[in-house]
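Here is the file start-v1.pdb (PDB, C-alpha atoms).
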```pdb
ATOM      1  CA  MET M 101       4.437  30.295  -9.597  1.00  0.00           C
ATOM      2  CA  PRO M 102       8.165  30.009  -9.028  1.00  0.00           C
ATOM      3  CA  ARG M 103       9.574  26.535  -9.458  1.00  0.00           C
ATOM      4  CA  ASP M 104      11.663  27.012  -6.285  1.00  0.00           C
ATOM      5  CA  TYR M 105       8.493  27.163  -4.210  1.00  0.00           C
ATOM      6  CA  LEU M 106       7.190  23.902  -5.691  1.00  0.00           C
ATOM      7  CA  LEU M 107      10.524  22.176  -5.137  1.00  0.00           C
ATOM      8  CA  ARG M 108      10.573  23.300  -1.497  1.00  0.00           C
ATOM      9  CA  LEU M 109       7.035  22.025  -1.070  1.00  0.00           C
ATOM     10  CA  VAL M 110       7.965  18.628  -2.527  1.00  0.00           C
ATOM     11  CA  GLU M 111      11.106  18.372  -0.399  1.00  0.00           C
ATOM     12  CA  GLN M 112       9.195  19.299   2.735  1.00  0.00           C
ATOM     13  CA  MET M 113       6.516  16.698   1.993  1.00  0.00           C
ATOM     14  CA  ALA M 114       9.196  14.050   1.342  1.00  0.00           C
ATOM     15  CA  ARG M 115      10.799  14.703   4.737  1.00  0.00           C
ATOM     16  CA  MET M 116       7.465  14.485   6.498  1.00  0.00           C
ATOM     17  CA  LEU M 117       6.535  11.290   4.674  1.00  0.00           C
ATOM     18  CA  ALA M 118       9.861   9.753   5.677  1.00  0.00           C
ATOM     19  CA  GLY M 119       9.108  10.538   9.316  1.00  0.00           C
ATOM     20  CA  LEU M 120       5.625   9.139   9.008  1.00  0.00           C
ATOM     21  CA  ILE M 121       6.911   5.920   7.398  1.00  0.00           C
ATOM     22  CA  ALA M 122       9.488   5.519  10.171  1.00  0.00           C
ATOM     23  CA  LYS M 123       6.767   5.797  12.823  1.00  0.00           C
ATOM     24  CA  ARG M 124       4.557   3.340  10.987  1.00  0.00           C
ATOM     25  CA  GLU M 125       7.355   0.821  10.553  1.00  0.00           C
ATOM     26  CA  THR M 126       8.249   0.979  14.257  1.00  0.00           C
ATOM     27  CA  GLY M 127       4.649   0.259  15.239  1.00  0.00           C
ATOM     28  CA  LEU M 128       3.668   3.779  16.287  1.00  0.00           C
ATOM     29  CA  HIS M 129       0.401   3.484  14.349  1.00  0.00           C
ATOM     30  CA  GLU M 130      -1.653   5.966  16.363  1.00  0.00           C
ATOM     31  CA  GLU M 131       1.052   8.602  16.118  1.00  0.00           C
ATOM     32  CA  ALA M 132       1.503   7.915  12.395  1.00  0.00           C
ATOM     33  CA  LYS M 133      -2.269   8.196  11.878  1.00  0.00           C
ATOM     34  CA  ARG M 134      -2.314  11.568  13.645  1.00  0.00           C
ATOM     35  CA  ASP M 135       0.564  12.677  11.426  1.00  0.00           C
ATOM     36  CA  VAL M 136      -1.361  11.669   8.293  1.00  0.00           C
ATOM     37  CA  GLU M 137      -4.369  13.647   9.491  1.00  0.00           C
ATOM     38  CA  ALA M 138      -2.263  16.699  10.368  1.00  0.00           C
ATOM     39  CA  LEU M 139      -0.286  16.623   7.111  1.00  0.00           C
ATOM     40  CA  CYS M 140      -3.468  16.250   5.101  1.00  0.00           C
ATOM     41  CA  LEU M 141      -4.998  19.328   6.678  1.00  0.00           C
ATOM     42  CA  GLU M 142      -1.793  21.382   6.732  1.00  0.00           C
ATOM     43  CA  HIS M 143      -0.468  20.642   3.237  1.00  0.00           C
ATOM     44  CA  ILE M 144      -3.537  19.632   1.282  1.00  0.00           C
ATOM     45  CA  GLY M 145      -6.085  21.851   3.011  1.00  0.00           C
ATOM     46  CA  LEU M 146      -8.586  19.038   3.513  1.00  0.00           C
ATOM     47  CA  THR M 147      -9.375  16.846   6.480  1.00  0.00           C
ATOM     48  CA  LEU M 148      -8.644  13.146   6.082  1.00  0.00           C
ATOM     49  CA  ASP M 149     -12.238  12.462   7.101  1.00  0.00           C
ATOM     50  CA  PHE M 150     -13.511  14.612   4.199  1.00  0.00           C
ATOM     51  CA  VAL M 151     -11.112  12.918   1.785  1.00  0.00           C
ATOM     52  CA  LYS M 152     -12.272   9.436   2.754  1.00  0.00           C
ATOM     53  CA  ARG M 153     -15.974  10.337   2.549  1.00  0.00           C
ATOM     54  CA  ALA M 154     -15.767  12.201  -0.761  1.00  0.00           C
ATOM     55  CA  SER M 155     -16.159  10.602  -4.139  1.00  0.00           C
ATOM     56  CA  PRO M 156     -13.046  10.714  -6.334  1.00  0.00           C
ATOM     57  CA  GLU M 157     -14.766  13.363  -8.477  1.00  0.00           C
ATOM     58  CA  ALA M 158     -15.670  15.516  -5.466  1.00  0.00           C
ATOM     59  CA  LEU M 159     -12.114  15.179  -4.227  1.00  0.00           C
ATOM     60  CA  GLU M 160     -10.756  16.392  -7.579  1.00  0.00           C
ATOM     61  CA  GLN M 161     -13.088  19.397  -7.394  1.00  0.00           C
ATOM     62  CA  ALA M 162     -11.877  20.224  -3.893  1.00  0.00           C
ATOM     63  CA  LEU M 163      -8.248  19.978  -5.017  1.00  0.00           C
ATOM     64  CA  ALA M 164      -8.971  22.205  -8.021  1.00  0.00           C
ATOM     65  CA  SER M 165      -9.530  25.094  -5.628  1.00  0.00           C
ATOM     66  CA  GLY M 166      -5.747  25.106  -5.177  1.00  0.00           C
ATOM     67  CA  GLY M 167      -5.241  26.473  -8.679  1.00  0.00           C
ATOM     68  CA  ALA M 168      -1.646  25.982  -9.797  1.00  0.00           C
ATOM     69  CA  LEU M 169      -0.970  23.746  -6.790  1.00  0.00           C
ATOM     70  CA  GLN M 170      -3.701  21.261  -7.728  1.00  0.00           C
ATOM     71  CA  HIS M 171      -1.258  18.771  -9.239  1.00  0.00           C
ATOM     72  CA  ALA M 172       1.225  18.930  -6.338  1.00  0.00           C
ATOM     73  CA  ARG M 173      -1.598  18.644  -3.810  1.00  0.00           C
ATOM     74  CA  ALA M 174      -3.048  15.624  -5.631  1.00  0.00           C
ATOM     75  CA  ILE M 175       0.271  13.764  -5.671  1.00  0.00           C
ATOM     76  CA  GLY M 176       0.977  14.688  -2.042  1.00  0.00           C
ATOM     77  CA  LEU M 177      -2.475  13.523  -1.020  1.00  0.00           C
ATOM     78  CA  ALA M 178      -2.010  10.244  -2.908  1.00  0.00           C
ATOM     79  CA  GLU M 179       1.208   9.649  -0.970  1.00  0.00           C
ATOM     80  CA  LEU M 180      -0.559  10.342   2.317  1.00  0.00           C
ATOM     81  CA  LEU M 181      -3.400   8.019   1.357  1.00  0.00           C
ATOM     82  CA  ILE M 182      -0.951   5.226   0.540  1.00  0.00           C
ATOM     83  CA  GLN M 183       0.491   5.587   4.036  1.00  0.00           C
ATOM     84  CA  ASP M 184      -2.991   5.753   5.542  1.00  0.00           C
ATOM     85  CA  ALA M 185      -3.909   2.530   3.735  1.00  0.00           C
ATOM     86  CA  GLU M 186      -0.839   0.815   5.167  1.00  0.00           C
ATOM     87  CA  ILE M 187      -1.677   2.015   8.685  1.00  0.00           C
ATOM     88  CA  CYS M 188      -5.282   0.874   8.301  1.00  0.00           C
ATOM     89  CA  GLU M 189      -4.205  -2.530   7.005  1.00  0.00           C
ATOM     90  CA  GLU M 190      -1.692  -2.964   9.833  1.00  0.00           C
ATOM     91  CA  THR M 191      -4.354  -2.107  12.430  1.00  0.00           C
ATOM     92  CA  GLY M 192      -7.030  -4.398  11.009  1.00  0.00           C
ATOM     93  CA  GLN M 193      -9.146  -1.744   9.281  1.00  0.00           C
ATOM     94  CA  SER M 194      -9.248  -3.284   5.816  1.00  0.00           C
ATOM     95  CA  ALA M 195     -12.347  -1.405   4.646  1.00  0.00           C
ATOM     96  CA  HIS M 196     -10.674   1.934   5.395  1.00  0.00           C
ATOM     97  CA  ALA M 197      -7.524   0.722   3.647  1.00  0.00           C
ATOM     98  CA  TRP M 198      -9.502   0.027   0.447  1.00  0.00           C
ATOM     99  CA  ILE M 199     -10.969   3.527   0.463  1.00  0.00           C
ATOM    100  CA  SER M 200      -7.536   5.117   0.837  1.00  0.00           C
ATOM    101  CA  ARG M 201      -6.043   2.889  -1.867  1.00  0.00           C
ATOM    102  CA  LEU M 202      -8.851   3.661  -4.299  1.00  0.00           C
ATOM    103  CA  HIS M 203      -8.493   7.407  -3.764  1.00  0.00           C
ATOM    104  CA  ALA M 204      -4.698   7.202  -4.094  1.00  0.00           C
ATOM    105  CA  PHE M 205      -5.046   5.170  -7.293  1.00  0.00           C
ATOM    106  CA  CYS M 206      -7.542   7.623  -8.821  1.00  0.00           C
ATOM    107  CA  LEU M 207      -5.433  10.656  -7.923  1.00  0.00           C
ATOM    108  CA  LEU M 208      -2.223   9.179  -9.324  1.00  0.00           C
ATOM    109  CA  ASP M 209      -3.938   7.876 -12.438  1.00  0.00           C
ATOM    110  CA  ASP M 210      -5.663  11.205 -13.114  1.00  0.00           C
ATOM    111  CA  HIS M 211      -2.414  13.187 -12.722  1.00  0.00           C
ATOM    112  CA  PHE M 212       0.006  10.686 -14.239  1.00  0.00           C
ATOM    113  CA  ASP M 213       0.372  12.454 -17.589  1.00  0.00           C
ATOM    114  CA  LEU M 214       1.466  15.652 -15.817  1.00  0.00           C
ATOM    115  CA  LEU M 215       4.459  13.927 -14.218  1.00  0.00           C
ATOM    116  CA  SER M 216       7.972  14.033 -15.636  1.00  0.00           C
ATOM    117  CA  ARG M 217       9.348  10.815 -17.175  1.00  0.00           C
ATOM    118  CA  GLU M 218      11.383  10.176 -14.031  1.00  0.00           C
ATOM    119  CA  GLU M 219       8.335  10.699 -11.816  1.00  0.00           C
ATOM    120  CA  GLN M 220       6.253   8.502 -14.092  1.00  0.00           C
ATOM    121  CA  ALA M 221       8.706   5.636 -13.600  1.00  0.00           C
ATOM    122  CA  THR M 222       8.320   5.943  -9.824  1.00  0.00           C
ATOM    123  CA  TYR M 223       4.562   6.331  -9.881  1.00  0.00           C
ATOM    124  CA  ARG M 224       4.007   3.621 -12.484  1.00  0.00           C
ATOM    125  CA  LYS M 225       5.260   1.126  -9.875  1.00  0.00           C
ATOM    126  CA  LYS M 226       2.964   2.591  -7.232  1.00  0.00           C
ATOM    127  CA  LEU M 227       0.019   2.532  -9.629  1.00  0.00           C
ATOM    128  CA  ASP M 228       0.753  -1.094 -10.505  1.00  0.00           C
ATOM    129  CA  GLN M 229       0.793  -2.020  -6.812  1.00  0.00           C
ATOM    130  CA  LEU M 230      -2.408  -0.103  -6.139  1.00  0.00           C
ATOM    131  CA  ALA M 231      -4.129  -1.620  -9.181  1.00  0.00           C
ATOM    132  CA  HIS M 232      -3.114  -5.088  -8.040  1.00  0.00           C
ATOM    133  CA  SER M 233      -4.470  -4.410  -4.542  1.00  0.00           C
ATOM    134  CA  LEU M 234      -7.793  -3.226  -6.018  1.00  0.00           C
ATOM    135  CA  GLU M 235      -8.314  -6.343  -8.168  1.00  0.00           C
ATOM    136  CA  SER M 236     -10.590  -7.928  -5.575  1.00  0.00           C
ATOM    137  CA  LEU M 237     -12.947  -4.945  -6.006  1.00  0.00           C
ATOM    138  CA  ARG M 238     -13.172  -5.313  -9.791  1.00  0.00           C
ATOM    139  CA  ALA M 239     -16.818  -6.426  -9.526  1.00  0.00           C
ATOM    140  CA  ASP M 240     -17.658  -2.841  -8.625  1.00  0.00           C
ATOM    141  CA  PRO M 241     -18.424  -1.018 -11.913  1.00  0.00           C
ATOM    142  CA  TYR M 242     -16.609   2.170 -10.876  1.00  0.00           C
ATOM    143  CA  VAL M 243     -13.457   0.358  -9.782  1.00  0.00           C
ATOM    144  CA  ASN M 244     -13.563  -1.804 -12.908  1.00  0.00           C
ATOM    145  CA  SER M 245     -13.788   1.243 -15.178  1.00  0.00           C
ATOM    146  CA  LYS M 246     -10.855   2.925 -13.409  1.00  0.00           C
ATOM    147  CA  LEU M 247      -8.736  -0.232 -13.649  1.00  0.00           C
ATOM    148  CA  ARG M 248      -9.615  -0.698 -17.341  1.00  0.00           C
ATOM    149  CA  HIS M 249      -8.647   2.911 -18.077  1.00  0.00           C
ATOM    150  CA  TYR M 250      -5.307   2.408 -16.342  1.00  0.00           C
ATOM    151  CA  GLU M 251      -4.649  -0.873 -18.137  1.00  0.00           C
ATOM    152  CA  ALA M 252      -5.447   0.676 -21.521  1.00  0.00           C
ATOM    153  CA  ARG M 253      -3.032   3.532 -20.914  1.00  0.00           C
ATOM    154  CA  ALA M 254      -0.335   1.162 -19.668  1.00  0.00           C
ATOM    155  CA  GLN M 255      -0.704  -0.981 -22.807  1.00  0.00           C
ATOM    156  CA  SER M 256      -0.530   2.097 -24.994  1.00  0.00           C
ATOM    157  CA  ALA M 257       2.656   3.239 -23.233  1.00  0.00           C
ATOM    158  CA  THR M 258       4.370  -0.124 -23.770  1.00  0.00           C
ATOM    159  CA  ARG M 259       3.648   0.027 -27.509  1.00  0.00           C
ATOM    160  CA  GLU M 260       5.364   3.414 -27.841  1.00  0.00           C
TER     161      GLU M 260
END
```

The structure in this file should be written as structure tokens.
Amino acid sequence: MPRDYLLRLVEQMARMLAGLIAKRETGLHEEAKRDVEALCLEHIGLTLDFVKRASPEALEQALASGGALQHARAIGLAELLIQDAEICEETGQSAHAWISRLHAFCLLDDHFDLLSREEQATYRKKLDQLAHSLESLRADPYVNSKLRHYEARAQSATRE
């Protein structure tokens, strides 16, 4: 797949995310939520409802159907889920925010090693923030295992 196509896809997603963030920050939560849903379907090929109801493993399987675009779709979806979590939190839907954060964390963590060093620096910060926000769910065995895996990799990276 030509690299130009992937770069255009990333640039297009960045522009759309910027617009979505602007709407969210100006209090246009309903419009921002509709944008998240539309972008998810248009660029990821999955409905936001499906994403939120799926297990992280089922979500990975659904993204795998994109072949060479799996990685780009996973990162794009993680970005959308981060925005969805913010919208949910700002509108008092904390339970929905946790689901979006957990999915975003799992997607970024699972695809982290495929990122360039520059991208890893950006996403390491996002992963740290997501991990911190998931701490209150550590009693859940699944969440705990995901957080431990992330922490082990982060410790290994600091030793290198």

Next on the checklist: Which residues are close to Cys206 (chain M), i.e. within 12 Å by all atoms listed in the file, leaving aside same-chain residues fewer than 3 positions away? Reply as a ChimeraX atom specification.
Outcome noted: /M:155-160,174-175,177-179,181-182,199-203,209-212,226-227,230-231,234,242-247,249-250

Filtering to C-alpha atoms, could you give me those residues as a PDB file, in the frame of the given file?
```pdb
ATOM      1  CA  SER M 155     -16.159  10.602  -4.139  1.00  0.00           C
ATOM      2  CA  PRO M 156     -13.046  10.714  -6.334  1.00  0.00           C
ATOM      3  CA  GLU M 157     -14.766  13.363  -8.477  1.00  0.00           C
ATOM      4  CA  ALA M 158     -15.670  15.516  -5.466  1.00  0.00           C
ATOM      5  CA  LEU M 159     -12.114  15.179  -4.227  1.00  0.00           C
ATOM      6  CA  GLU M 160     -10.756  16.392  -7.579  1.00  0.00           C
ATOM      7  CA  ALA M 174      -3.048  15.624  -5.631  1.00  0.00           C
ATOM      8  CA  ILE M 175       0.271  13.764  -5.671  1.00  0.00           C
ATOM      9  CA  LEU M 177      -2.475  13.523  -1.020  1.00  0.00           C
ATOM     10  CA  ALA M 178      -2.010  10.244  -2.908  1.00  0.00           C
ATOM     11  CA  GLU M 179       1.208   9.649  -0.970  1.00  0.00           C
ATOM     12  CA  LEU M 181      -3.400   8.019   1.357  1.00  0.00           C
ATOM     13  CA  ILE M 182      -0.951   5.226   0.540  1.00  0.00           C
ATOM     14  CA  ILE M 199     -10.969   3.527   0.463  1.00  0.00           C
ATOM     15  CA  SER M 200      -7.536   5.117   0.837  1.00  0.00           C
ATOM     16  CA  ARG M 201      -6.043   2.889  -1.867  1.00  0.00           C
ATOM     17  CA  LEU M 202      -8.851   3.661  -4.299  1.00  0.00           C
ATOM     18  CA  HIS M 203      -8.493   7.407  -3.764  1.00  0.00           C
ATOM     19  CA  ASP M 209      -3.938   7.876 -12.438  1.00  0.00           C
ATOM     20  CA  ASP M 210      -5.663  11.205 -13.114  1.00  0.00           C
ATOM     21  CA  HIS M 211      -2.414  13.187 -12.722  1.00  0.00           C
ATOM     22  CA  PHE M 212       0.006  10.686 -14.239  1.00  0.00           C
ATOM     23  CA  LYS M 226       2.964   2.591  -7.232  1.00  0.00           C
ATOM     24  CA  LEU M 227       0.019   2.532  -9.629  1.00  0.00           C
ATOM     25  CA  LEU M 230      -2.408  -0.103  -6.139  1.00  0.00           C
ATOM     26  CA  ALA M 231      -4.129  -1.620  -9.181  1.00  0.00           C
ATOM     27  CA  LEU M 234      -7.793  -3.226  -6.018  1.00  0.00           C
ATOM     28  CA  TYR M 242     -16.609   2.170 -10.876  1.00  0.00           C
ATOM     29  CA  VAL M 243     -13.457   0.358  -9.782  1.00  0.00           C
ATOM     30  CA  ASN M 244     -13.563  -1.804 -12.908  1.00  0.00           C
ATOM     31  CA  SER M 245     -13.788   1.243 -15.178  1.00  0.00           C
ATOM     32  CA  LYS M 246     -10.855   2.925 -13.409  1.00  0.00           C
ATOM     33  CA  LEU M 247      -8.736  -0.232 -13.649  1.00  0.00           C
ATOM     34  CA  HIS M 249      -8.647   2.911 -18.077  1.00  0.00           C
ATOM     35  CA  TYR M 250      -5.307   2.408 -16.342  1.00  0.00           C
TER      36      TYR M 250
END
```

Next on the checklist: To one decimal place in Å, what is the distance between CA of Glu130 (chain M) and CA of Thr191 (chain M)?
Outcome noted: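 About the pair CA of Glu130 (chain M) and CA of Thr191 (chain M): they are 9.4 Å apart.
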
Next on the checklist: To one decimal place in Å, what is the distance between CA of Ala164 (chain M) and CA of Val151 (chain M)?
Outcome noted: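 Interatomic distance here is 13.7 Å.
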
Item to check | Gln183 (chain M) environment, 10 Å, all atoms listed in the file, sequence neighbours closer than 2 positions dropped, as a list in words | outcome: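 Listing them by chain and then by number gives Leu117, Leu120, Ile121, Arg124, Ala132, Lys133, Val136, Leu177, Ala178, Glu179, Leu180, Leu181, Ala185, Glu186, Ile187, Cys188, Glu189, Ala197, Ser200, Arg201 and Ala204 of chain M.
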
Next on the checklist: Under the PyMOL selection byres ((chain M and resi 144) around 10), which residues of this model are included? Write them out as number ranges by chain.
Outcome noted: M: 138-143, 145-148, 162-163, 166, 169-170, 172-177, 180

Next on the checklist: Using only C-alpha atoms for the distances, tell me which of M:Lys123, M:Arg108, M:His171, M:Arg134 is nearest to Asp213 (chain M).
Outcome noted: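 The answer is M:His171, which sits nearest to Asp213 (chain M).
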
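Computed from the coordinates, the CA of Phe150 (chain M) to CA of Tyr223 (chain M) distance equals 24.4 Å.
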
Item to check | Among the residues M:Ala154, M:Ala122, M:Leu237, M:Leu128, the one that comes closest to Trp198 (chain M) [using all atoms listed in the file] | outcome: M:Leu237

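With distances restricted to all atoms listed in the file, M:Ser194 is the closest residue to Ser233 (chain M) from M:Leu208, M:Ser194, M:Ala114, M:Glu219.
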
Mind completing region 216-252 of chain M with N, CA and C atoms? Output as an mmCIF file, in the coordinates of the input, please?
```cif
data_model
loop_
_atom_site.group_PDB
_atom_site.id
_atom_site.type_symbol
_atom_site.label_atom_id
_atom_site.label_comp_id
_atom_site.auth_asym_id
_atom_site.auth_seq_id
_atom_site.Cartn_x
_atom_site.Cartn_y
_atom_site.Cartn_z
ATOM 1 N N SER M 216 6.797 14.174 -14.774
ATOM 2 C CA SER M 216 7.972 14.033 -15.636
ATOM 3 C C SER M 216 8.208 12.546 -15.898
ATOM 4 N N ARG M 217 9.051 12.220 -16.871
ATOM 5 C CA ARG M 217 9.348 10.815 -17.175
ATOM 6 C C ARG M 217 9.909 10.092 -15.950
ATOM 7 N N GLU M 218 10.792 10.768 -15.236
ATOM 8 C CA GLU M 218 11.383 10.176 -14.031
ATOM 9 C C GLU M 218 10.305 9.898 -12.981
ATOM 10 N N GLU M 219 9.425 10.870 -12.780
ATOM 11 C CA GLU M 219 8.335 10.699 -11.816
ATOM 12 C C GLU M 219 7.381 9.603 -12.278
ATOM 13 N N GLN M 220 7.134 9.543 -13.579
ATOM 14 C CA GLN M 220 6.253 8.502 -14.092
ATOM 15 C C GLN M 220 6.799 7.105 -13.802
ATOM 16 N N ALA M 221 8.106 6.941 -13.900
ATOM 17 C CA ALA M 221 8.706 5.636 -13.600
ATOM 18 C C ALA M 221 8.438 5.252 -12.143
ATOM 19 N N THR M 222 8.576 6.201 -11.248
ATOM 20 C CA THR M 222 8.320 5.943 -9.824
ATOM 21 C C THR M 222 6.852 5.645 -9.587
ATOM 22 N N TYR M 223 5.990 6.482 -10.147
ATOM 23 C CA TYR M 223 4.562 6.331 -9.881
ATOM 24 C C TYR M 223 3.919 5.210 -10.679
ATOM 25 N N ARG M 224 4.525 4.782 -11.754
ATOM 26 C CA ARG M 224 4.007 3.621 -12.484
ATOM 27 C C ARG M 224 4.050 2.394 -11.569
ATOM 28 N N LYS M 225 5.140 2.244 -10.816
ATOM 29 C CA LYS M 225 5.260 1.126 -9.875
ATOM 30 C C LYS M 225 4.186 1.220 -8.792
ATOM 31 N N LYS M 226 3.985 2.418 -8.274
ATOM 32 C CA LYS M 226 2.964 2.591 -7.232
ATOM 33 C C LYS M 226 1.572 2.321 -7.792
ATOM 34 N N LEU M 227 1.316 2.801 -9.008
ATOM 35 C CA LEU M 227 0.019 2.532 -9.629
ATOM 36 C C LEU M 227 -0.189 1.045 -9.869
ATOM 37 N N ASP M 228 0.854 0.352 -10.301
ATOM 38 C CA ASP M 228 0.753 -1.094 -10.505
ATOM 39 C C ASP M 228 0.402 -1.798 -9.195
ATOM 40 N N GLN M 229 1.072 -1.412 -8.121
ATOM 41 C CA GLN M 229 0.793 -2.020 -6.812
ATOM 42 C C GLN M 229 -0.632 -1.719 -6.356
ATOM 43 N N LEU M 230 -1.049 -0.467 -6.525
ATOM 44 C CA LEU M 230 -2.408 -0.103 -6.139
ATOM 45 C C LEU M 230 -3.442 -0.845 -6.990
ATOM 46 N N ALA M 231 -3.199 -0.910 -8.295
ATOM 47 C CA ALA M 231 -4.129 -1.620 -9.181
ATOM 48 C C ALA M 231 -4.240 -3.081 -8.764
ATOM 49 N N HIS M 232 -3.114 -3.690 -8.477
ATOM 50 C CA HIS M 232 -3.114 -5.088 -8.040
ATOM 51 C C HIS M 232 -3.926 -5.248 -6.752
ATOM 52 N N SER M 233 -3.752 -4.315 -5.819
ATOM 53 C CA SER M 233 -4.470 -4.410 -4.542
ATOM 54 C C SER M 233 -5.974 -4.171 -4.707
ATOM 55 N N LEU M 234 -6.375 -3.505 -5.785
ATOM 56 C CA LEU M 234 -7.793 -3.226 -6.018
ATOM 57 C C LEU M 234 -8.490 -4.306 -6.848
ATOM 58 N N GLU M 235 -7.746 -5.286 -7.322
ATOM 59 C CA GLU M 235 -8.314 -6.343 -8.168
ATOM 60 C C GLU M 235 -9.521 -7.019 -7.532
ATOM 61 N N SER M 236 -9.480 -7.234 -6.235
ATOM 62 C CA SER M 236 -10.590 -7.928 -5.575
ATOM 63 C C SER M 236 -11.873 -7.096 -5.580
ATOM 64 N N LEU M 237 -11.768 -5.819 -5.934
ATOM 65 C CA LEU M 237 -12.947 -4.945 -6.006
ATOM 66 C C LEU M 237 -13.421 -4.738 -7.441
ATOM 67 N N ARG M 238 -12.869 -5.499 -8.374
ATOM 68 C CA ARG M 238 -13.172 -5.313 -9.791
ATOM 69 C C ARG M 238 -14.656 -5.507 -10.110
ATOM 70 N N ALA M 239 -15.383 -6.232 -9.288
ATOM 71 C CA ALA M 239 -16.818 -6.426 -9.526
ATOM 72 C C ALA M 239 -17.586 -5.109 -9.427
ATOM 73 N N ASP M 240 -17.024 -4.152 -8.720
ATOM 74 C CA ASP M 240 -17.658 -2.841 -8.625
ATOM 75 C C ASP M 240 -17.469 -2.128 -9.967
ATOM 76 N N PRO M 241 -18.541 -1.646 -10.588
ATOM 77 C CA PRO M 241 -18.424 -1.018 -11.913
ATOM 78 C C PRO M 241 -17.478 0.184 -11.944
ATOM 79 N N TYR M 242 -17.486 0.993 -10.902
ATOM 80 C CA TYR M 242 -16.609 2.170 -10.876
ATOM 81 C C TYR M 242 -15.148 1.741 -10.822
ATOM 82 N N VAL M 243 -14.835 0.837 -9.918
ATOM 83 C CA VAL M 243 -13.457 0.358 -9.782
ATOM 84 C C VAL M 243 -13.016 -0.311 -11.076
ATOM 85 N N ASN M 244 -13.884 -1.124 -11.650
ATOM 86 C CA ASN M 244 -13.563 -1.804 -12.908
ATOM 87 C C ASN M 244 -13.249 -0.810 -14.015
ATOM 88 N N SER M 245 -14.037 0.253 -14.114
ATOM 89 C CA SER M 245 -13.788 1.243 -15.178
ATOM 90 C C SER M 245 -12.455 1.957 -14.958
ATOM 91 N N LYS M 246 -12.135 2.268 -13.711
ATOM 92 C CA LYS M 246 -10.855 2.925 -13.409
ATOM 93 C C LYS M 246 -9.678 1.998 -13.735
ATOM 94 N N LEU M 247 -9.803 0.724 -13.368
ATOM 95 C CA LEU M 247 -8.736 -0.232 -13.649
ATOM 96 C C LEU M 247 -8.582 -0.453 -15.153
ATOM 97 N N ARG M 248 -9.694 -0.527 -15.874
ATOM 98 C CA ARG M 248 -9.615 -0.698 -17.341
ATOM 99 C C ARG M 248 -8.947 0.503 -17.992
ATOM 100 N N HIS M 249 -9.270 1.697 -17.539
ATOM 101 C CA HIS M 249 -8.647 2.911 -18.077
ATOM 102 C C HIS M 249 -7.141 2.869 -17.855
ATOM 103 N N TYR M 250 -6.732 2.499 -16.660
ATOM 104 C CA TYR M 250 -5.307 2.408 -16.342
ATOM 105 C C TYR M 250 -4.620 1.353 -17.206
ATOM 106 N N GLU M 251 -5.232 0.209 -17.338
ATOM 107 C CA GLU M 251 -4.649 -0.873 -18.137
ATOM 108 C C GLU M 251 -4.512 -0.473 -19.600
ATOM 109 N N ALA M 252 -5.508 0.229 -20.121
ATOM 110 C CA ALA M 252 -5.447 0.676 -21.521
ATOM 111 C C ALA M 252 -4.301 1.657 -21.725
#
```
